[in-house]
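Student: upload-v1.cif is the file, holding mmCIF, C-alpha atoms:
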```
data_target
#
loop_
_atom_site.group_PDB
_atom_site.id
_atom_site.type_symbol
_atom_site.label_atom_id
_atom_site.label_comp_id
_atom_site.auth_asym_id
_atom_site.auth_seq_id
_atom_site.Cartn_x
_atom_site.Cartn_y
_atom_site.Cartn_z
ATOM 1 C CA MET A 1 90.127 122.418 77.836
ATOM 2 C CA ALA A 2 90.818 126.035 78.778
ATOM 3 C CA ALA A 3 92.565 126.772 75.477
ATOM 4 C CA VAL A 4 89.829 125.153 73.363
ATOM 5 C CA THR A 5 87.091 127.011 75.259
ATOM 6 C CA VAL A 6 88.808 130.381 74.815
ATOM 7 C CA ALA A 7 89.417 129.545 71.136
ATOM 8 C CA ILE A 8 85.668 129.061 70.619
ATOM 9 C CA TRP A 9 84.883 132.271 72.534
ATOM 10 C CA GLY A 10 87.456 134.083 70.411
ATOM 11 C CA THR A 11 85.571 133.206 67.213
ATOM 12 C CA THR A 12 82.061 134.032 68.460
ATOM 13 C CA PHE A 13 82.514 137.577 67.135
ATOM 14 C CA VAL A 14 81.970 136.190 63.610
ATOM 15 C CA SER A 15 78.556 134.713 64.490
ATOM 16 C CA THR A 16 77.575 137.810 66.473
ATOM 17 C CA LYS A 17 78.568 140.040 63.562
ATOM 18 C CA VAL A 18 76.480 137.932 61.157
ATOM 19 C CA LEU A 19 73.425 138.067 63.433
ATOM 20 C CA ILE A 20 73.714 141.836 63.922
ATOM 21 C CA GLY A 21 73.952 142.145 60.135
ATOM 22 C CA HIS A 22 70.633 140.262 59.894
ATOM 23 C CA GLY A 23 68.937 142.772 62.217
ATOM 24 C CA LEU A 24 69.271 141.270 65.707
ATOM 25 C CA SER A 25 70.324 143.590 68.535
ATOM 26 C CA PRO A 26 73.069 142.577 71.041
ATOM 27 C CA GLN A 27 70.557 142.051 73.897
ATOM 28 C CA GLU A 28 68.282 139.997 71.631
ATOM 29 C CA ILE A 29 71.259 137.792 70.676
ATOM 30 C CA PHE A 30 72.217 137.330 74.332
ATOM 31 C CA LEU A 31 68.664 136.446 75.386
ATOM 32 C CA LEU A 32 68.265 133.885 72.601
ATOM 33 C CA ARG A 33 71.665 132.221 73.128
ATOM 34 C CA PHE A 34 71.133 131.910 76.891
ATOM 35 C CA LEU A 35 67.565 130.614 76.389
ATOM 36 C CA ILE A 36 68.879 127.928 74.032
ATOM 37 C CA ALA A 37 71.618 127.061 76.522
ATOM 38 C CA TYR A 38 69.160 126.921 79.438
ATOM 39 C CA MET A 39 66.742 124.631 77.584
ATOM 40 C CA GLY A 40 69.637 122.381 76.619
ATOM 41 C CA ILE A 41 71.155 122.104 80.097
ATOM 42 C CA TRP A 42 67.736 121.478 81.671
ATOM 43 C CA LEU A 43 67.719 118.060 79.964
ATOM 44 C CA ILE A 44 70.909 116.930 81.723
ATOM 45 C CA SER A 45 70.798 118.928 84.954
ATOM 46 C CA PRO A 46 69.532 117.615 88.298
ATOM 47 C CA ARG A 47 65.892 118.541 88.848
ATOM 48 C CA LYS A 48 66.853 120.387 91.998
ATOM 49 C CA LEU A 49 65.331 123.878 91.677
ATOM 50 C CA PHE A 50 67.107 125.893 94.363
ATOM 51 C CA ALA A 51 70.406 125.996 96.204
ATOM 52 C CA ASP A 52 70.619 124.638 99.754
ATOM 53 C CA ASN A 53 70.024 128.070 101.276
ATOM 54 C CA TRP A 54 69.043 131.577 100.220
ATOM 55 C CA LYS A 55 72.591 132.885 100.653
ATOM 56 C CA ASP A 56 73.908 130.438 98.047
ATOM 57 C CA GLU A 57 70.918 131.190 95.814
ATOM 58 C CA PHE A 58 71.877 134.872 95.978
ATOM 59 C CA TRP A 59 75.431 133.978 94.914
ATOM 60 C CA MET A 60 73.961 132.091 91.939
ATOM 61 C CA PHE A 61 71.921 135.194 91.087
ATOM 62 C CA LEU A 62 75.073 137.338 91.183
ATOM 63 C CA GLY A 63 76.840 134.749 89.014
ATOM 64 C CA GLY A 64 74.108 135.004 86.375
ATOM 65 C CA MET A 65 74.507 138.789 86.353
ATOM 66 C CA THR A 66 78.294 139.075 86.458
ATOM 67 C CA GLY A 67 79.017 136.239 84.030
ATOM 68 C CA GLY A 68 75.963 136.816 81.862
ATOM 69 C CA SER A 69 73.610 139.772 81.501
ATOM 70 C CA PHE A 70 75.651 142.584 83.084
ATOM 71 C CA TYR A 71 78.896 141.525 81.407
ATOM 72 C CA PHE A 72 77.418 141.268 77.909
ATOM 73 C CA PHE A 73 75.219 144.361 78.244
ATOM 74 C CA THR A 74 78.040 146.661 79.438
ATOM 75 C CA GLU A 75 80.461 145.301 76.829
ATOM 76 C CA ASN A 76 78.022 145.619 73.908
ATOM 77 C CA THR A 77 76.870 149.082 75.032
ATOM 78 C CA ALA A 78 80.499 150.185 75.247
ATOM 79 C CA LEU A 79 81.069 149.037 71.655
ATOM 80 C CA GLU A 80 78.482 151.592 70.536
ATOM 81 C CA ILE A 81 80.261 154.415 72.401
ATOM 82 C CA THR A 82 84.028 153.848 72.240
ATOM 83 C CA LEU A 83 86.532 152.240 69.872
ATOM 84 C CA ALA A 84 86.388 148.469 69.452
ATOM 85 C CA THR A 85 90.146 148.345 70.144
ATOM 86 C CA ASN A 86 89.604 150.035 73.505
ATOM 87 C CA VAL A 87 86.936 147.474 74.400
ATOM 88 C CA SER A 88 89.071 144.534 73.246
ATOM 89 C CA PHE A 89 92.025 145.645 75.349
ATOM 90 C CA ILE A 90 90.194 146.726 78.522
ATOM 91 C CA VAL A 91 88.074 143.538 78.623
ATOM 92 C CA CYS A 92 91.291 141.515 78.539
ATOM 93 C CA THR A 93 92.357 143.092 81.832
ATOM 94 C CA ALA A 94 89.844 140.699 83.481
ATOM 95 C CA PRO A 95 92.521 138.072 84.321
ATOM 96 C CA LEU A 96 94.721 140.744 85.932
ATOM 97 C CA LEU A 97 91.736 142.080 87.886
ATOM 98 C CA THR A 98 90.905 138.509 88.947
ATOM 99 C CA THR A 99 94.457 138.099 90.219
ATOM 100 C CA ILE A 100 94.295 141.379 92.148
ATOM 101 C CA LEU A 101 90.924 140.498 93.702
ATOM 102 C CA SER A 102 92.189 137.016 94.610
ATOM 103 C CA LEU A 103 95.261 138.545 96.231
ATOM 104 C CA TRP A 104 93.033 140.904 98.166
ATOM 105 C CA ILE A 105 90.683 138.140 99.325
ATOM 106 C CA TYR A 106 92.909 135.049 99.521
ATOM 107 C CA LYS A 107 96.399 136.636 99.545
ATOM 108 C CA LYS A 108 97.709 133.866 97.293
ATOM 109 C CA ALA A 109 99.677 134.375 94.057
ATOM 110 C CA THR A 110 103.244 133.772 92.858
ATOM 111 C CA ARG A 111 105.597 136.309 91.298
ATOM 112 C CA GLY A 112 105.787 134.198 88.136
ATOM 113 C CA LEU A 113 102.011 134.245 87.799
ATOM 114 C CA MET A 114 101.879 138.040 88.178
ATOM 115 C CA ALA A 115 104.788 138.549 85.751
ATOM 116 C CA GLY A 116 103.276 136.174 83.184
ATOM 117 C CA SER A 117 99.933 137.939 83.473
ATOM 118 C CA LEU A 118 101.512 141.352 82.811
ATOM 119 C CA LEU A 119 103.586 139.980 79.894
ATOM 120 C CA ALA A 120 100.472 138.485 78.297
ATOM 121 C CA LEU A 121 98.626 141.806 78.749
ATOM 122 C CA VAL A 122 101.401 143.597 76.815
ATOM 123 C CA GLY A 123 100.974 140.986 74.076
ATOM 124 C CA VAL A 124 97.220 141.637 74.035
ATOM 125 C CA ALA A 125 97.893 145.353 73.502
ATOM 126 C CA LEU A 126 100.109 144.591 70.474
ATOM 127 C CA VAL A 127 97.539 142.203 68.973
ATOM 128 C CA VAL A 128 94.562 144.501 69.565
ATOM 129 C CA TYR A 129 96.150 147.669 68.217
ATOM 130 C CA ASN A 130 97.981 145.701 65.490
ATOM 131 C CA GLY A 131 100.449 148.434 64.520
ATOM 132 C CA SER A 132 97.835 151.176 64.172
ATOM 133 C CA PHE A 133 97.513 152.631 67.639
ATOM 134 C CA VAL A 134 94.785 155.237 67.922
ATOM 135 C CA LEU A 135 94.257 156.820 71.322
ATOM 136 C CA LYS A 136 90.723 157.995 71.834
ATOM 137 C CA ILE A 137 89.520 158.330 75.391
ATOM 138 C CA SER A 138 85.783 157.834 75.812
ATOM 139 C CA PRO A 139 85.143 158.108 79.573
ATOM 140 C CA LEU A 140 81.685 156.486 79.531
ATOM 141 C CA GLY A 141 82.512 153.761 77.006
ATOM 142 C CA ASP A 142 85.841 152.884 78.630
ATOM 143 C CA PHE A 143 84.254 152.894 82.097
ATOM 144 C CA LEU A 144 81.512 150.504 80.934
ATOM 145 C CA THR A 145 84.183 148.202 79.488
ATOM 146 C CA LEU A 146 86.097 148.276 82.765
ATOM 147 C CA LEU A 147 82.853 147.368 84.559
ATOM 148 C CA ALA A 148 82.539 144.382 82.187
ATOM 149 C CA ALA A 149 86.085 143.266 83.031
ATOM 150 C CA PHE A 150 85.404 143.594 86.774
ATOM 151 C CA SER A 151 82.131 141.724 86.258
ATOM 152 C CA TRP A 152 83.933 138.715 84.750
ATOM 153 C CA ALA A 153 86.533 138.816 87.525
ATOM 154 C CA PHE A 154 83.788 138.650 90.170
ATOM 155 C CA TYR A 155 82.097 135.831 88.220
ATOM 156 C CA SER A 156 85.318 133.805 88.366
ATOM 157 C CA LEU A 157 85.531 134.240 92.145
ATOM 158 C CA ILE A 158 81.849 133.352 92.600
ATOM 159 C CA MET A 159 82.399 130.146 90.613
ATOM 160 C CA ARG A 160 85.352 129.282 92.837
ATOM 161 C CA LYS A 161 83.144 129.670 95.883
ATOM 162 C CA MET A 162 80.137 127.737 94.550
ATOM 163 C CA SER A 163 82.019 124.869 92.853
ATOM 164 C CA ASN A 164 83.017 123.503 96.250
ATOM 165 C CA CYS A 165 79.355 123.093 97.249
ATOM 166 C CA TYR A 166 77.370 122.143 94.107
ATOM 167 C CA SER A 167 77.781 120.216 90.856
ATOM 168 C CA ILE A 168 79.098 122.116 87.832
ATOM 169 C CA ILE A 169 75.965 121.287 85.783
ATOM 170 C CA PHE A 170 73.620 122.635 88.490
ATOM 171 C CA ILE A 171 75.657 125.843 88.893
ATOM 172 C CA THR A 172 75.769 126.453 85.139
ATOM 173 C CA ARG A 173 72.005 125.934 84.818
ATOM 174 C CA LYS A 174 71.406 128.540 87.525
ATOM 175 C CA ILE A 175 73.808 130.939 85.775
ATOM 176 C CA PHE A 176 71.835 130.648 82.529
ATOM 177 C CA PHE A 177 68.506 131.102 84.323
ATOM 178 C CA TYR A 178 69.534 134.237 86.183
ATOM 179 C CA GLY A 179 71.338 135.544 83.093
ATOM 180 C CA VAL A 180 68.068 135.377 81.143
ATOM 181 C CA LEU A 181 66.073 136.835 84.041
ATOM 182 C CA THR A 182 68.370 139.825 84.608
ATOM 183 C CA ILE A 183 68.666 140.795 80.906
ATOM 184 C CA LEU A 184 64.886 141.367 80.646
ATOM 185 C CA PRO A 185 64.986 144.932 82.136
ATOM 186 C CA ALA A 186 67.263 145.933 79.226
ATOM 187 C CA PHE A 187 64.261 145.549 76.908
ATOM 188 C CA LEU A 188 62.561 148.399 78.747
ATOM 189 C CA VAL A 189 65.297 150.637 77.324
ATOM 190 C CA HIS A 190 65.693 148.836 73.979
ATOM 191 C CA PRO A 191 62.380 147.065 73.164
ATOM 192 C CA TRP A 192 62.400 143.830 71.119
ATOM 193 C CA GLN A 193 62.082 144.684 67.418
ATOM 194 C CA PHE A 194 63.272 141.585 65.521
ATOM 195 C CA ASP A 195 60.700 139.550 63.569
ATOM 196 C CA ILE A 196 60.763 136.116 65.274
ATOM 197 C CA THR A 197 59.473 134.402 62.112
ATOM 198 C CA ARG A 198 62.940 134.992 60.620
ATOM 199 C CA LEU A 199 64.664 132.866 63.287
ATOM 200 C CA LEU A 200 64.362 129.792 61.066
ATOM 201 C CA GLU A 201 66.435 131.363 58.299
ATOM 202 C CA PRO A 202 69.517 129.099 57.915
ATOM 203 C CA ALA A 203 72.145 131.795 58.571
ATOM 204 C CA ILE A 204 70.333 133.051 61.691
ATOM 205 C CA LEU A 205 69.451 129.590 63.036
ATOM 206 C CA PHE A 206 72.934 128.135 62.519
ATOM 207 C CA ASN A 207 74.712 131.045 64.203
ATOM 208 C CA LEU A 208 72.270 131.095 67.125
ATOM 209 C CA LEU A 209 72.787 127.357 67.650
ATOM 210 C CA PHE A 210 76.551 127.863 67.554
ATOM 211 C CA LEU A 211 76.338 130.622 70.171
ATOM 212 C CA GLY A 212 73.704 128.886 72.304
ATOM 213 C CA VAL A 213 74.819 125.243 72.233
ATOM 214 C CA LEU A 214 78.576 125.337 71.712
ATOM 215 C CA ALA A 215 79.724 128.782 72.917
ATOM 216 C CA SER A 216 77.288 128.961 75.855
ATOM 217 C CA LEU A 217 75.971 125.550 76.958
ATOM 218 C CA ILE A 218 79.097 123.458 76.389
ATOM 219 C CA CYS A 219 81.730 126.159 76.916
ATOM 220 C CA PHE A 220 80.252 127.502 80.164
ATOM 221 C CA VAL A 221 80.082 123.982 81.622
ATOM 222 C CA VAL A 222 83.650 123.258 80.531
ATOM 223 C CA TRP A 223 84.922 126.637 81.764
ATOM 224 C CA ASN A 224 83.413 126.101 85.204
ATOM 225 C CA VAL A 225 85.207 122.729 85.321
ATOM 226 C CA VAL A 226 88.432 124.486 84.285
ATOM 227 C CA LEU A 227 88.016 127.069 87.061
ATOM 228 C CA LYS A 228 87.651 124.261 89.588
ATOM 229 C CA GLN A 229 90.565 122.166 88.290
ATOM 230 C CA LEU A 230 93.154 124.863 87.530
ATOM 231 C CA GLY A 231 92.167 127.426 90.136
ATOM 232 C CA THR A 232 90.632 130.844 89.518
ATOM 233 C CA ILE A 233 93.816 132.816 88.796
ATOM 234 C CA ARG A 234 95.609 130.278 86.587
ATOM 235 C CA ALA A 235 92.449 129.545 84.575
ATOM 236 C CA SER A 236 91.659 133.236 84.109
ATOM 237 C CA ASN A 237 95.021 133.840 82.444
ATOM 238 C CA TYR A 238 93.873 131.745 79.485
ATOM 239 C CA ILE A 239 91.458 134.602 78.680
ATOM 240 C CA TYR A 240 94.530 136.403 77.309
ATOM 241 C CA LEU A 241 94.456 133.903 74.423
ATOM 242 C CA ASN A 242 91.099 135.324 73.276
ATOM 243 C CA PRO A 243 92.531 138.119 71.048
ATOM 244 C CA LEU A 244 95.019 135.608 69.630
ATOM 245 C CA PHE A 245 92.242 133.319 68.389
ATOM 246 C CA THR A 246 90.262 136.359 67.218
ATOM 247 C CA LEU A 247 93.338 137.396 65.219
ATOM 248 C CA ILE A 248 93.584 133.946 63.606
ATOM 249 C CA GLY A 249 89.837 133.875 62.933
ATOM 250 C CA SER A 250 89.979 137.316 61.321
ATOM 251 C CA ALA A 251 92.810 136.209 59.044
ATOM 252 C CA PHE A 252 91.173 132.972 57.865
ATOM 253 C CA LEU A 253 87.473 133.904 57.904
ATOM 254 C CA LEU A 254 87.496 137.617 57.098
ATOM 255 C CA GLY A 255 90.768 137.866 55.153
ATOM 256 C CA GLU A 256 92.314 140.465 57.473
ATOM 257 C CA ARG A 257 96.082 141.001 57.231
ATOM 258 C CA LEU A 258 98.517 139.672 59.850
ATOM 259 C CA THR A 259 101.236 142.210 60.735
ATOM 260 C CA MET A 260 104.604 141.684 62.397
ATOM 261 C CA VAL A 261 103.388 143.660 65.423
ATOM 262 C CA ALA A 262 100.432 141.303 65.843
ATOM 263 C CA LEU A 263 102.693 138.250 65.546
ATOM 264 C CA MET A 264 105.028 139.703 68.202
ATOM 265 C CA GLY A 265 102.005 140.246 70.417
ATOM 266 C CA ALA A 266 100.880 136.658 69.833
ATOM 267 C CA ALA A 267 104.313 135.402 70.927
ATOM 268 C CA LEU A 268 104.160 137.517 74.100
ATOM 269 C CA ILE A 269 100.655 136.222 74.897
ATOM 270 C CA LEU A 270 101.751 132.592 74.540
ATOM 271 C CA GLY A 271 104.898 133.225 76.576
ATOM 272 C CA GLY A 272 102.988 135.077 79.291
ATOM 273 C CA VAL A 273 100.268 132.426 79.606
ATOM 274 C CA TYR A 274 102.907 129.680 79.748
ATOM 275 C CA TRP A 275 104.901 131.574 82.390
ATOM 276 C CA ALA A 276 101.790 132.285 84.470
ATOM 277 C CA GLY A 277 100.715 128.648 84.242
ATOM 278 C CA LYS A 278 104.006 127.147 85.374
ATOM 279 C CA LYS A 279 104.008 125.734 88.915
#
```
Using the file provided, produce a representation of the structure as structure tokens.
Tutor:
Amino acid sequence: MAAVTVAIWGTTFVSTKVLIGHGLSPQEIFLLRFLIAYMGIWLISPRKLFADNWKDEFWMFLGGMTGGSFYFFTENTALEITLATNVSFIVCTAPLLTTILSLWIYKKATRGLMAGSLLALVGVALVVYNGSFVLKISPLGDFLTLLAAFSWAFYSLIMRKMSNCYSIIFITRKIFFYGVLTILPAFLVHPWQFDITRLLEPAILFNLLFLGVLASLICFVVWNVVLKQLGTIRASNYIYLNPLFTLIGSAFLLGERLTMVALMGAALILGGVYWAGKK
């Protein structure tokens, strides 16, 4: 379940790229995909509106920000400032950051898990830079990307905390709601400009449904189940597979060339994830 979910997330760049090419901005895409997901999950979610107490409701609010609006906004803003390779690599430090935060809070991790995590991160570097390493430090862009990685790490820990108290469907519905709510201030900086009458165009509609129904609604529910079943640290290490599936998607869908360096990186990612996942 973890591998399939990450595989779908790894190919969402194709749909996002298509939608941006049709004139949608990153924040408009996020708002639409989370609105679609929220409307879909409302049909199957318990009609309970709020958590049992305001403290838990606040955690749900933070989950919607860290796993939704803040994560996507910082990542997409960073893409406009720094190199895409920098963003791809720094975002994939999220599993390592999750491990470090879990160690700090719960003081629980094995040497094999840490070693596998680091090995997979080296593999990510080889896949992302793909034999053409270009070092370009962009303090603001790289800092925003690091904030995105930390944001996802905190989201993973929040899900661990909440999944012991509420159903996965209810938690995911709250995440979508607060994700939509907290992205709205971004439109004060970048006002909505897309013509909504074009949303029914086949290319736009199909890609939005893919992002909203499959990549958001279904994948977020499944991922929250994965976090509960595998544990926060072990599940987070599957995020390292993201660049691997992006690499495969680029080769088959966009015709990009596979290099020996990328294949070596793919082998290290698979080995690292396997090592980290062993009990």
Student: Given the choices A:Leu96, A:Met39, A:Leu241, A:Met1, which gets closest to Phe150 of chain A if the distance is worked out from all atoms listed in the file?
Tutor: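 The shortest atom-to-atom distance to Phe150 of chain A comes from A:Leu96.
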Student: I'd like the contact shell of segment 8-22 of chain A - 8 Å cut-off, all atoms listed in the file, skipping same-chain residues fewer than 3 positions apart - returned as a ChimeraX atom specification.
Tutor: /A:4-5,25-26,29,203-204,207-208,210-211,215,219,242-246,249
Student: Just the residues within 8 Å of Met264 of chain A, please, counting all atoms listed in the file, with nothing from its chain fewer than 4 positions along; format it as a ChimeraX atom specification.
Tutor: /A:123,126-127,260,268
Student: On this file, the PyMOL selection byres ((chain A and resi 190) around 12) gives some set of residues; write that set as a PyMOL selection string.
Tutor: chain A and resi 24-28+73+77+183-189+191-194
Student: Would you work out the distance separating atom CA of Val213 of chain A from atom CA of Ile41 of chain A, expressed in Å to one decimal?
Tutor: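 Answer for the atom CA of Val213 of chain A to atom CA of Ile41 of chain A separation: 9.2 Å.
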Student: So what does the PyMOL selection byres ((chain A and resi 156) around 8) actually pick up in this one, as a PyMOL selection string?
Tutor: chain A and resi 98+152-155+157-160+227+232+236
Student: Pick from A:Ala51, A:Ile90, A:Ala149, A:Met60: nearest to Phe177 of chain A, with all atoms listed in the file counted?
Tutor: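 For Phe177 of chain A, the nearest of the given residues is A:Met60.
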Student: Take the PyMOL selection byres ((chain A and resi 228) around 12), apply it to the structure above, and return the hits as a list in words.
Tutor: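 Residues picked by the PyMOL selection byres ((chain A and resi 228) around 12): Ala2, Ser156, Leu157, Ile158, Met159, Arg160, Lys161, Met162, Ser163, Asn164, Cys165, Tyr166, Ser167, Ile168, Val221, Val222, Trp223, Asn224, Val225, Val226, Leu227, Gln229, Leu230, Gly231, Thr232, Ile233, Arg234, Ala235 and Ser236 of chain A.
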Student: Taking the partial coordinates given, rebuild segment 162-181 of chain A to contain N, CA, C and O atoms; return it as a short mmCIF file (atom, residue, chain, number, x, y, z; two decimals), in the coordinates of the input.
Tutor:
```
data_model
loop_
_atom_site.label_atom_id
_atom_site.label_comp_id
_atom_site.auth_asym_id
_atom_site.auth_seq_id
_atom_site.Cartn_x
_atom_site.Cartn_y
_atom_site.Cartn_z
N MET A 162 81.27 128.64 94.70
CA MET A 162 80.14 127.74 94.55
C MET A 162 80.53 126.32 94.12
O MET A 162 79.84 125.36 94.44
N SER A 163 81.64 126.18 93.38
CA SER A 163 82.02 124.87 92.85
C SER A 163 82.42 123.88 93.95
O SER A 163 82.46 122.67 93.70
N ASN A 164 82.69 124.39 95.13
CA ASN A 164 83.02 123.50 96.25
C ASN A 164 81.77 122.94 96.93
O ASN A 164 81.87 122.05 97.77
N CYS A 165 80.60 123.47 96.55
CA CYS A 165 79.36 123.09 97.25
C CYS A 165 78.34 122.41 96.33
O CYS A 165 77.49 121.65 96.83
N TYR A 166 78.39 122.67 95.02
CA TYR A 166 77.37 122.14 94.11
C TYR A 166 78.03 121.58 92.85
O TYR A 166 79.18 121.89 92.54
N SER A 167 77.27 120.78 92.10
CA SER A 167 77.78 120.22 90.86
C SER A 167 77.90 121.32 89.80
O SER A 167 77.16 122.31 89.82
N ILE A 168 78.86 121.13 88.88
CA ILE A 168 79.10 122.12 87.83
C ILE A 168 77.86 122.30 86.96
O ILE A 168 77.51 123.43 86.58
N ILE A 169 77.15 121.21 86.63
CA ILE A 169 75.96 121.29 85.78
C ILE A 169 74.87 122.12 86.46
O ILE A 169 74.23 122.98 85.83
N PHE A 170 74.65 121.89 87.76
CA PHE A 170 73.62 122.64 88.49
C PHE A 170 73.96 124.13 88.54
O PHE A 170 73.11 124.98 88.29
N ILE A 171 75.23 124.44 88.83
CA ILE A 171 75.66 125.84 88.89
C ILE A 171 75.46 126.52 87.54
O ILE A 171 74.91 127.63 87.47
N THR A 172 75.88 125.85 86.47
CA THR A 172 75.77 126.45 85.14
C THR A 172 74.32 126.68 84.75
O THR A 172 73.97 127.70 84.13
N ARG A 173 73.43 125.75 85.11
CA ARG A 173 72.00 125.93 84.82
C ARG A 173 71.46 127.17 85.52
O ARG A 173 70.71 127.96 84.93
N LYS A 174 71.87 127.36 86.78
CA LYS A 174 71.41 128.54 87.52
C LYS A 174 71.96 129.83 86.91
O LYS A 174 71.26 130.85 86.87
N ILE A 175 73.19 129.77 86.41
CA ILE A 175 73.81 130.94 85.78
C ILE A 175 73.01 131.35 84.54
O ILE A 175 72.71 132.53 84.32
N PHE A 176 72.63 130.36 83.73
CA PHE A 176 71.83 130.65 82.53
C PHE A 176 70.47 131.22 82.91
O PHE A 176 70.00 132.18 82.28
N PHE A 177 69.84 130.65 83.92
CA PHE A 177 68.51 131.10 84.32
C PHE A 177 68.55 132.56 84.78
O PHE A 177 67.75 133.39 84.31
N TYR A 178 69.47 132.87 85.67
CA TYR A 178 69.53 134.24 86.18
C TYR A 178 70.10 135.21 85.15
O TYR A 178 69.80 136.41 85.19
N GLY A 179 70.89 134.70 84.20
CA GLY A 179 71.34 135.54 83.09
C GLY A 179 70.17 136.00 82.24
O GLY A 179 70.05 137.18 81.88
N VAL A 180 69.28 135.05 81.91
CA VAL A 180 68.07 135.38 81.14
C VAL A 180 67.17 136.33 81.93
O VAL A 180 66.65 137.32 81.38
N LEU A 181 66.98 136.04 83.21
CA LEU A 181 66.07 136.84 84.04
C LEU A 181 66.55 138.28 84.16
O LEU A 181 65.75 139.22 84.08
#
```
